[in-house]
4 protein chains.
Amino acid sequence: MHRDRFYTLSASCPDRVGIIARVSGFISEHGGWILESSFHSDPAIEGSEGRYFMRIEVKADSLPFALADFRECFRPIAEDLRMDWRLADSAVKKRVVILVSKQEHCLYDLMARWQSKELDIEIPCVISNHETLRGFVEWHGIPFHHVPIAADNKAEAYAEVQRLFEEAEGDTMVLARYMQILSADLCAAHPGRIINIHHSFLPSFVGAKPYHQAYQRGVKLIGATCHYVTADLDQGPIIEQDVIRIDHSDSPEDMVRYGKDIEKTVLARGLRFHLEDRVLVHGNKTVVFR
Amino acid sequence: MHRDRFYTLSASCPDRVGIIARVSGFISEHGGWILESSFHSDPAIEGSEGRYFMRIEVKADSLPFALADFRECFRPIAEDLRMDWRLADSAVKKRVVILVSKQEHCLYDLMARWQSKELDIEIPCVISNHETLRGFVEWHGIPFHHVPIAADNKAEAYAEVQRLFEEAEGDTMVLARYMQILSADLCAAHPGRIINIHHSFLPSFVGAKPYHQAYQRGVKLIGATCHYVTADLDQGPIIEQDVIRIDHSDSPEDMVRYGKDIEKTVLARGLRFHLEDRVLVHGNKTVVFR
Amino acid sequence: MHRDRFYTLSASCPDRVGIIARVSGFISEHGGWILESSFHSDPAIEGSEGRYFMRIEVKADSLPFALADFRECFRPIAEDLRMDWRLADSAVKKRVVILVSKQEHCLYDLMARWQSKELDIEIPCVISNHETLRGFVEWHGIPFHHVPIAADNKAEAYAEVQRLFEEAEGDTMVLARYMQILSADLCAAHPGRIINIHHSFLPSFVGAKPYHQAYQRGVKLIGATCHYVTADLDQGPIIEQDVIRIDHSDSPEDMVRYGKDIEKTVLARGLRFHLEDRVLVHGNKTVVFR
Amino acid sequence: MHRDRFYTLSASCPDRVGIIARVSGFISEHGGWILESSFHSDPAIEGSEGRYFMRIEVKADSLPFALADFRECFRPIAEDLRMDWRLADSAVKKRVVILVSKQEHCLYDLMARWQSKELDIEIPCVISNHETLRGFVEWHGIPFHHVPIAADNKAEAYAEVQRLFEEAEGDTMVLARYMQILSADLCAAHPGRIINIHHSFLPSFVGAKPYHQAYQRGVKLIGATCHYVTADLDQGPIIEQDVIRIDHSDSPEDMVRYGKDIEKTVLARGLRFHLEDRVLVHGNKTVVFR
């Protein structure tokens, strides 16, 4: 984060001979200094084509052109390799809209990271179905929108969330223990851009009250899962997970308390990977270049 | 393990005032020196009675009587408190029958612990559905029984396993990656005495090929679970679990390899807790006094 | 935390026969309902006397007397057993004074826990050698005292910290990444009541810039340590520690960032153990009844 | 491990523009299919030159030449880039000589991995200063050499170890809890080829009886460290580390027992990284491409 400005190319394409040579050759020809690079080849399984993933950081001032020209010059190669690709500029802050409910642990955690510039992002607004956290958000100088959710207003409410996200020119929507199930429309409108933290080690304990489910089953570790939101509840591509040890003396309430520490850490790690373009979605899985 | 001989009382009973006082008063009256003691009160939930759990180690030579008399003297208290209880003598080695298939990692691990007396047990025999590990077992001076399992001989085969276990006067049966599903009869005959290691972090990925299931789902940690075997596959009370981090570059074969390290460690820990009478079953859960 | 009011007895004494019987007998005689109890016998080593540690939670309304009478009635037993002991009332909130410097991560974390009542404490004031965090603290309705520290005013400054702590009737002082070395006088005045979070896995990397030391040594895990402050820098009794995995790609700045997550979690866990009277100091070590 | 034959290029060189392009261009020109590739740029610090590290696996049958020709063809590039480099063939098994003392846990663990081909190596012999483990080793069909170490024969003894290692054409020497300090000569003769497992989380608790040191200090986690052996005791480049949680109830003997599980796992992981040419030494640190 204390580094010079850089561009990040993240891409995937069908696997073949010469991909790295082609891409790194292009960068080298233009004098590009590679700060960091990661590659992964996902093998062909059962007849499917193998797929290649990459992420490359190039020092901005080592290149003779700016981002737009980089994009134009690289396009023919990308097309030839049939790439899904994107190019990001470390000097352009990502715009992250946070959705919360009443619980404060994830929000406080994200705000501390934002304050210290550990998360070097813009937070154009926070949206909540409750007024509880308005004061805390506004004290930080961030607009707070109250969008109540009730059984009979879901369509309108999520349309309003959608409108606020677009108005805010949001890149990423973070459900920081939002406790509401987004509409299928909203999920479909932003694939790979809505991040949720689920309070269990998925795929165990999908749905409501996972800590109580964990207590009933008598597991010895509980966890949390940061994943992209899709229309299938708690089934989206997993970005990051972690667990913590519990024992027989822990009540469901104790688990909720322990779980919060995992939730906020896992959400922050997953979000950071996403914001640094370290996460490439592959079907219902992710490649995460740490 | 380097300590003086001791007796271990492990017990559970309905919760009420004065349980510790009653039990520790009895021990104190007879001059018993308590080396270690653990208590747990499981709260009454939804109308059910609270339940109390305890485990107490008393130095053998501090008491004026031997185990049999200890048992007789204590019985009236146990009955009055409506206890499920047992009393063990650290000088009497537990007899552990190990069941294996072809994979060696858990067996080598258990044998190293047995050789070094870390596991201070008798292994009266090893039973396998394959001949693969006979040489290794017999080199250690332990009888090896080959009981083949086929689709059409399961009843007889498990009857033979049962007979061998009884003949060996086994206290505990350990399925060290046995890869076969025991008959319901065999499970029912030895509740709380058959220990399995399942190669997933239960309740995720029940059944066959859990690492392949984990690969498909794209989880970021994989685990293993040591549990008591019941007639419901992979549903018995969990004794111990642990996990290890993986990432997108790990194939199912890599996961199998990482998983082995977790499997053998979790099995050894769970087995140790069991052998030291640290595990008390409570419905489908366990209290584990570490 | 959602439980009924209870009294917590925490004590240590020379080991002998009958300690549990004596203490639990007393509680039982008065009808006391034990919610939770933990015992530990630290063995006699090299001629030193063995020592016994205990912590017992008794439901307040099961006893026929209030805390003061409990204390008086129990005193003869405590004296007879030569106990160091204390008795706490769950209905009386502990008063925690927090010292910070410029970094916000531990403070935000503690405040979120206080807001949600996960930490059910009073925070009578926050003291800092910088003005940086005044606004955040005051927004929460908590007084903020700026006590600058310079090379030539340390004696006066720490006298002022001492005065503010006493004026606030503080039970516990928390150095939440305070980054200053307290005077020996201040340390000596509050043994077992000042808690620090050190940003290394002690005893590795004592002193300044531990993450840079860790980077130089090329360790593969970094950690944090919550400990009681004594006059010997970073040498006090350790309450809690944890670590996180790093690798060759992590710069010292990355380690600082990862480290923050460990620091705040370890500090919060250690503080919680302390506030719940789960920590008993034994020489330069601690017994922590989780 | 179930993959096709491949060649592994591992190298480091001064950082500059175009390294990846040059190397991957060479591979691509010859039709080489890259299975896995990792790169790391270690930044210039305080006037020192930045350094670049890489590891590339190329499918053997995708290349038009065998290893020797690959080496010759690549040499001009390597020289031009001032590389330290090596090229390995997955079809050529590494030869690992294991040194043990009396403790069996690491040896059993390594042998189980060798039996299952998880470690696909040759073990030309095991050397020990005791006879204890001869039978176990010889049962596996591996020669066992007893080289006693006494205060007055160290020079001769280590000369004999050296001779046996050379006779065995060993690539790597593994000290599997060997408990003896190798001579400086022996260390100097095989830099980056002798691997030790130290039973503490270095740099804490260097030297003898680290678990007892850990007990005295009252740490809450203990660990183990796999490192290259240099003439400075316990100071060589760290390859891998891990820790396990303990508490006040654990005696030094308990720590020894817990520690064994960490030791064998960390040794096996570190050894595997080394054997797969994933470890590149950089001064007194390592780059480990997992």
# chains A, B, ... in the order shown; residues from 1 in each chain; ligands from 1
call {"tool": "select_by_dssp", "arguments": {"residues": "region 77-278 of chain D", "states": "helix (DSSP H, G or I)", "output": "number ranges by chain"}}
result
D: 77-80, 105-115, 134-139, 154-167, 184-189, 210-217, 252-275
call {"tool": "interface_residues", "arguments": {"of": "chain D", "to": "chain A", "cutoff": "6 Å", "atoms": "only C-alpha atoms", "output": "list in words"}}
result
Val17, Gly18, Ala21, Ser24, Gly25, Ser28 and Trp33 of chain D
call {"tool": "atom_distance", "arguments": {"atom1": "CA of Met83 (chain D)", "atom2": "CA of Ala184 (chain D)"}}
result
27.7 Å
call {"tool": "closest_residue", "arguments": {"among": "D:Leu175, D:Ile194, D:Leu67, D:Val288", "to": "Ser90 (chain D)", "atoms": "only C-alpha atoms"}}
result
D:Leu67
call {"tool": "atom_distance", "arguments": {"atom1": "CA of Phe74 (chain D)", "atom2": "CA of Lys59 (chain D)"}}
result
15.8 Å
call {"tool": "residues_around", "arguments": {"residues": "Glu240 (chain C)", "least_positions_apart": "6", "cutoff": "12 Å", "atoms": "only C-alpha atoms", "output": "number ranges by chain"}}
result
C: 195-198, 200-202, 223-228, 262-274, 278-279, 285-290; D: 218-221, 245-248
call {"tool": "closest_residue", "arguments": {"among": "B:Ala66, B:Val97, B:Ala214, B:Ala155", "to": "Ile238 (chain A)", "atoms": "only C-alpha atoms"}}
result
B:Ala214
call {"tool": "closest_residue", "arguments": {"among": "D:Ile222, D:Val58, D:Ala151, D:Ala91", "to": "Ser204 (chain D)", "atoms": "only C-alpha atoms"}}
result
D:Ile222
call {"tool": "atom_distance", "arguments": {"atom1": "CA of Lys102 (chain C)", "atom2": "CA of Ile121 (chain A)"}}
result
20.5 Å
call {"tool": "calpha_fit_and_write", "arguments": {"fixed": "chain B", "moving": "chain A", "output": "short mmCIF file (atom, residue, chain, number, x, y, z; two decimals) with C-alpha atoms, in the first residue's frame"}}
result
data_model
loop_
_atom_site.label_atom_id
_atom_site.label_comp_id
_atom_site.auth_asym_id
_atom_site.auth_seq_id
_atom_site.Cartn_x
_atom_site.Cartn_y
_atom_site.Cartn_z
CA MET A 1 1.90 -40.01 31.81
CA HIS A 2 4.90 -39.86 34.08
CA ARG A 3 2.66 -39.45 37.07
CA ASP A 4 1.90 -41.71 39.96
CA ARG A 5 -0.88 -44.25 39.68
CA PHE A 6 -4.29 -42.64 39.93
CA TYR A 7 -7.98 -43.46 39.71
CA THR A 8 -10.22 -41.51 37.39
CA LEU A 9 -13.85 -40.95 38.25
CA SER A 10 -15.90 -39.71 35.32
CA ALA A 11 -19.58 -39.14 35.79
CA SER A 12 -22.67 -37.21 34.81
CA CYS A 13 -25.90 -36.66 36.70
CA PRO A 14 -28.89 -34.31 36.88
CA ASP A 15 -27.72 -30.88 38.04
CA ARG A 16 -28.55 -29.77 41.61
CA VAL A 17 -26.97 -27.98 44.54
CA GLY A 18 -24.10 -29.72 46.28
CA ILE A 19 -22.77 -32.23 43.74
CA ILE A 20 -19.13 -31.17 43.95
CA ALA A 21 -19.35 -30.90 47.72
CA ARG A 22 -20.74 -34.41 47.98
CA VAL A 23 -18.18 -36.01 45.70
CA SER A 24 -15.14 -34.05 46.83
CA GLY A 25 -16.25 -34.43 50.45
CA PHE A 26 -16.23 -38.21 50.03
CA ILE A 27 -12.75 -38.12 48.52
CA SER A 28 -11.46 -35.77 51.18
CA GLU A 29 -12.86 -37.85 54.05
CA HIS A 30 -10.74 -40.74 52.83
CA GLY A 31 -7.67 -38.55 52.48
CA GLY A 32 -7.79 -38.63 48.68
CA TRP A 33 -5.37 -36.28 46.92
CA ILE A 34 -7.00 -34.77 43.82
CA LEU A 35 -4.53 -34.41 40.96
CA GLU A 36 -6.90 -32.97 38.42
CA SER A 37 -10.59 -32.15 38.35
CA SER A 38 -13.00 -30.78 35.79
CA PHE A 39 -16.66 -29.92 36.04
CA HIS A 40 -19.26 -28.78 33.57
CA SER A 41 -22.84 -27.81 34.00
CA ASP A 42 -24.93 -28.12 30.87
CA PRO A 43 -27.85 -25.76 31.31
CA ALA A 44 -31.45 -26.81 31.21
CA ILE A 45 -32.80 -25.83 27.78
CA GLU A 46 -36.41 -25.72 26.77
CA GLY A 47 -37.74 -27.58 29.72
CA SER A 48 -35.06 -30.26 29.81
CA GLU A 49 -33.25 -30.83 33.07
CA GLY A 50 -29.75 -29.40 33.41
CA ARG A 51 -27.00 -32.01 33.54
CA TYR A 52 -23.74 -32.04 35.44
CA PHE A 53 -20.49 -33.61 34.22
CA MET A 54 -17.30 -34.27 36.11
CA ARG A 55 -13.93 -35.97 35.88
CA ILE A 56 -11.64 -36.33 38.88
CA GLU A 57 -8.20 -37.92 39.14
CA VAL A 58 -7.29 -39.11 42.63
CA LYS A 59 -3.82 -40.34 43.56
CA ALA A 60 -4.15 -44.06 44.22
CA ASP A 61 -1.83 -44.28 47.20
CA SER A 62 -3.53 -41.41 48.98
CA LEU A 63 -6.62 -43.56 49.42
CA PRO A 64 -6.96 -46.28 52.07
CA PHE A 65 -8.60 -48.71 49.65
CA ALA A 66 -8.16 -50.23 46.22
CA LEU A 67 -10.35 -49.64 43.17
CA ALA A 68 -12.99 -52.27 43.97
CA ASP A 69 -13.54 -50.85 47.44
CA PHE A 70 -13.53 -47.32 46.13
CA ARG A 71 -16.31 -48.38 43.80
CA GLU A 72 -18.33 -49.97 46.56
CA CYS A 73 -17.92 -47.06 48.97
CA PHE A 74 -18.83 -44.52 46.31
CA ARG A 75 -21.85 -46.40 44.97
CA PRO A 76 -24.43 -45.01 47.43
CA ILE A 77 -23.48 -41.45 46.57
CA ALA A 78 -23.60 -42.21 42.86
CA GLU A 79 -27.01 -43.77 43.24
CA ASP A 80 -28.31 -40.93 45.29
CA LEU A 81 -27.15 -38.44 42.66
CA ARG A 82 -28.53 -40.69 39.86
CA MET A 83 -25.12 -40.79 38.20
CA ASP A 84 -23.88 -42.45 35.06
CA TRP A 85 -20.36 -43.13 36.23
CA ARG A 86 -17.20 -45.12 35.72
CA LEU A 87 -13.98 -45.51 37.61
CA ALA A 88 -10.68 -46.27 35.87
CA ASP A 89 -7.25 -47.25 37.15
CA SER A 90 -4.26 -45.68 35.39
CA ALA A 91 -2.28 -48.85 36.04
CA VAL A 92 -4.64 -50.94 33.92
CA LYS A 93 -3.88 -50.46 30.26
CA LYS A 94 -6.81 -50.05 27.92
CA ARG A 95 -7.05 -52.66 25.14
CA VAL A 96 -7.41 -51.04 21.73
CA VAL A 97 -8.24 -53.05 18.62
CA ILE A 98 -7.34 -51.21 15.42
CA LEU A 99 -9.16 -51.71 12.12
CA VAL A 100 -7.38 -50.65 8.94
CA SER A 101 -7.75 -50.98 5.23
CA LYS A 102 -4.82 -50.27 2.86
CA GLN A 103 -3.76 -46.77 3.86
CA GLU A 104 -0.90 -46.65 6.31
CA HIS A 105 -0.74 -43.07 7.63
CA CYS A 106 -2.99 -43.46 10.67
CA LEU A 107 -1.59 -46.88 11.53
CA TYR A 108 2.07 -45.75 11.39
CA ASP A 109 1.13 -42.78 13.51
CA LEU A 110 -0.63 -44.85 16.15
CA MET A 111 2.19 -47.39 16.21
CA ALA A 112 4.83 -44.68 16.75
CA ARG A 113 2.81 -43.38 19.68
CA TRP A 114 2.46 -46.89 21.06
CA GLN A 115 6.17 -47.63 20.64
CA SER A 116 7.15 -44.49 22.53
CA LYS A 117 4.54 -45.21 25.22
CA GLU A 118 2.90 -41.90 24.45
CA LEU A 119 -0.17 -44.11 24.05
CA ASP A 120 0.26 -46.44 26.99
CA ILE A 121 -2.14 -49.09 25.74
CA GLU A 122 -2.31 -52.75 24.76
CA ILE A 123 -3.00 -53.46 21.09
CA PRO A 124 -4.20 -57.05 21.23
CA CYS A 125 -4.65 -57.21 17.45
CA VAL A 126 -5.14 -55.35 14.20
CA ILE A 127 -7.98 -56.34 11.87
CA SER A 128 -8.02 -55.53 8.17
CA ASN A 129 -10.03 -56.27 5.06
CA HIS A 130 -6.71 -56.37 3.16
CA GLU A 131 -3.37 -58.10 3.64
CA THR A 132 -1.41 -54.93 2.80
CA LEU A 133 -0.30 -53.95 6.29
CA ARG A 134 0.21 -57.42 7.78
CA GLY A 135 4.01 -57.29 7.67
CA PHE A 136 4.25 -53.93 9.37
CA VAL A 137 1.86 -54.97 12.15
CA GLU A 138 3.46 -58.36 12.73
CA TRP A 139 6.95 -56.83 12.81
CA HIS A 140 5.71 -54.95 15.88
CA GLY A 141 4.74 -58.29 17.45
CA ILE A 142 1.02 -57.67 17.14
CA PRO A 143 -1.38 -60.29 15.72
CA PHE A 144 -2.98 -59.36 12.39
CA HIS A 145 -6.35 -60.74 11.28
CA HIS A 146 -7.47 -60.59 7.69
CA VAL A 147 -11.26 -60.36 7.48
CA PRO A 148 -12.21 -59.72 3.84
CA ILE A 149 -15.35 -57.71 3.22
CA ALA A 150 -17.39 -58.34 0.11
CA ALA A 151 -20.84 -57.31 -0.98
CA ASP A 152 -22.25 -60.72 -0.09
CA ASN A 153 -20.50 -61.56 3.17
CA LYS A 154 -21.00 -58.47 5.30
CA ALA A 155 -23.04 -60.06 8.04
CA GLU A 156 -20.51 -62.87 8.51
CA ALA A 157 -17.55 -60.53 8.21
CA TYR A 158 -18.78 -58.17 10.90
CA ALA A 159 -19.74 -61.07 13.10
CA GLU A 160 -16.13 -62.20 12.78
CA VAL A 161 -14.88 -58.68 13.63
CA GLN A 162 -17.18 -58.73 16.65
CA ARG A 163 -15.87 -62.15 17.70
CA LEU A 164 -12.23 -61.05 17.35
CA PHE A 165 -12.91 -57.89 19.36
CA GLU A 166 -14.49 -59.89 22.15
CA GLU A 167 -11.80 -62.54 22.08
CA ALA A 168 -9.23 -59.75 22.36
CA GLU A 169 -11.15 -58.34 25.32
CA GLY A 170 -11.07 -55.01 23.56
CA ASP A 171 -12.14 -51.85 25.35
CA THR A 172 -12.09 -49.65 22.29
CA MET A 173 -12.25 -50.25 18.55
CA VAL A 174 -10.47 -47.69 16.36
CA LEU A 175 -11.32 -47.33 12.68
CA ALA A 176 -8.01 -45.96 11.42
CA ARG A 177 -9.22 -45.13 7.91
CA TYR A 178 -10.99 -48.48 7.70
CA MET A 179 -13.07 -47.37 4.71
CA GLN A 180 -15.91 -49.78 5.44
CA ILE A 181 -19.29 -49.08 6.98
CA LEU A 182 -19.80 -51.23 10.05
CA SER A 183 -23.04 -53.12 10.46
CA ALA A 184 -25.74 -51.54 12.59
CA ASP A 185 -25.48 -54.52 14.95
CA LEU A 186 -21.81 -53.98 15.58
CA CYS A 187 -22.35 -50.26 16.18
CA ALA A 188 -25.20 -50.92 18.58
CA ALA A 189 -23.19 -53.50 20.52
CA HIS A 190 -20.50 -51.00 21.55
CA PRO A 191 -21.93 -47.51 22.01
CA GLY A 192 -19.24 -44.97 22.87
CA ARG A 193 -16.50 -47.52 22.27
CA ILE A 194 -15.97 -47.41 18.49
CA ILE A 195 -14.01 -44.41 17.24
CA ASN A 196 -13.79 -43.36 13.61
CA ILE A 197 -11.81 -40.72 11.79
CA HIS A 198 -13.81 -39.13 8.98
CA HIS A 199 -11.88 -37.23 6.36
CA SER A 200 -13.96 -34.09 6.36
CA PHE A 201 -14.95 -31.32 8.72
CA LEU A 202 -18.39 -32.71 9.58
CA PRO A 203 -21.21 -32.00 9.06
CA SER A 204 -19.83 -30.91 5.68
CA PHE A 205 -19.17 -33.62 3.14
CA VAL A 206 -20.75 -36.67 4.69
CA GLY A 207 -20.15 -39.97 2.92
CA ALA A 208 -17.78 -40.93 0.13
CA LYS A 209 -14.93 -38.91 -1.38
CA PRO A 210 -15.21 -35.86 0.89
CA TYR A 211 -12.05 -34.25 -0.51
CA HIS A 212 -13.54 -34.36 -3.97
CA GLN A 213 -16.73 -32.82 -2.61
CA ALA A 214 -14.61 -30.11 -0.95
CA TYR A 215 -12.78 -29.47 -4.23
CA GLN A 216 -16.08 -29.12 -6.09
CA ARG A 217 -17.43 -26.62 -3.53
CA GLY A 218 -14.24 -24.58 -3.52
CA VAL A 219 -13.78 -24.38 0.26
CA LYS A 220 -10.65 -22.70 1.60
CA LEU A 221 -10.06 -25.04 4.54
CA ILE A 222 -10.43 -28.81 4.74
CA GLY A 223 -10.65 -30.87 7.90
CA ALA A 224 -11.11 -34.16 9.65
CA THR A 225 -13.46 -35.33 12.40
CA CYS A 226 -12.95 -37.96 15.09
CA HIS A 227 -16.30 -39.26 16.31
CA TYR A 228 -18.04 -42.16 17.96
CA VAL A 229 -19.59 -44.52 15.48
CA THR A 230 -23.34 -44.95 15.55
CA ALA A 231 -25.68 -46.63 13.12
CA ASP A 232 -26.16 -43.30 11.33
CA LEU A 233 -23.22 -42.84 8.94
CA ASP A 234 -20.95 -39.93 9.98
CA GLN A 235 -23.60 -38.65 12.42
CA GLY A 236 -22.18 -39.85 15.75
CA PRO A 237 -21.02 -37.61 18.62
CA ILE A 238 -17.99 -35.57 17.59
CA ILE A 239 -14.92 -35.88 19.83
CA GLU A 240 -12.36 -33.75 18.01
CA GLN A 241 -11.92 -31.82 14.75
CA ASP A 242 -9.31 -29.75 13.04
CA VAL A 243 -8.70 -28.08 9.69
CA ILE A 244 -5.90 -27.03 7.37
CA ARG A 245 -5.78 -24.20 4.84
CA ILE A 246 -5.78 -25.01 1.13
CA ASP A 247 -6.13 -22.84 -1.96
CA HIS A 248 -7.14 -22.89 -5.60
CA SER A 249 -3.88 -24.52 -6.64
CA ASP A 250 -4.62 -27.68 -4.67
CA SER A 251 -6.03 -30.62 -6.60
CA PRO A 252 -8.19 -33.26 -4.91
CA GLU A 253 -5.00 -35.36 -4.70
CA ASP A 254 -3.21 -32.54 -2.86
CA MET A 255 -6.16 -32.32 -0.49
CA VAL A 256 -5.95 -36.03 0.19
CA ARG A 257 -2.29 -35.54 1.07
CA TYR A 258 -2.85 -32.52 3.33
CA GLY A 259 -5.84 -34.22 4.84
CA LYS A 260 -3.79 -37.18 6.01
CA ASP A 261 -1.86 -34.94 8.39
CA ILE A 262 -5.07 -33.70 9.92
CA GLU A 263 -6.65 -37.14 10.03
CA LYS A 264 -3.87 -38.78 11.97
CA THR A 265 -3.47 -35.90 14.41
CA VAL A 266 -7.18 -35.57 15.08
CA LEU A 267 -7.62 -39.33 15.48
CA ALA A 268 -4.71 -39.52 17.93
CA ARG A 269 -6.00 -36.58 19.97
CA GLY A 270 -9.55 -37.90 20.05
CA LEU A 271 -8.40 -41.40 20.95
CA ARG A 272 -6.24 -40.05 23.76
CA PHE A 273 -9.14 -38.05 25.20
CA HIS A 274 -11.27 -41.19 25.06
CA LEU A 275 -8.66 -43.44 26.64
CA GLU A 276 -8.09 -41.00 29.49
CA ASP A 277 -11.84 -40.94 30.18
CA ARG A 278 -11.99 -37.29 29.21
CA VAL A 279 -14.98 -37.77 26.90
CA LEU A 280 -18.51 -37.96 28.28
CA VAL A 281 -21.29 -38.50 25.79
CA HIS A 282 -24.34 -36.28 26.13
CA GLY A 283 -27.05 -37.16 23.64
CA ASN A 284 -25.38 -36.74 20.26
CA LYS A 285 -22.70 -34.42 21.63
CA THR A 286 -19.66 -34.81 23.81
CA VAL A 287 -18.19 -33.09 26.83
CA VAL A 288 -14.39 -33.29 26.46
CA PHE A 289 -12.36 -32.38 29.54
CA ARG A 290 -8.93 -31.60 28.14
#
call {"tool": "select_by_dssp", "arguments": {"residues": "region 35-254 of chain A", "states": "strand (DSSP E)", "output": "ChimeraX atom specification"}}
result
/A:35-42,51-59,84-89,96-100,126-128,144-146,172-175,194-198,221-228,238-245
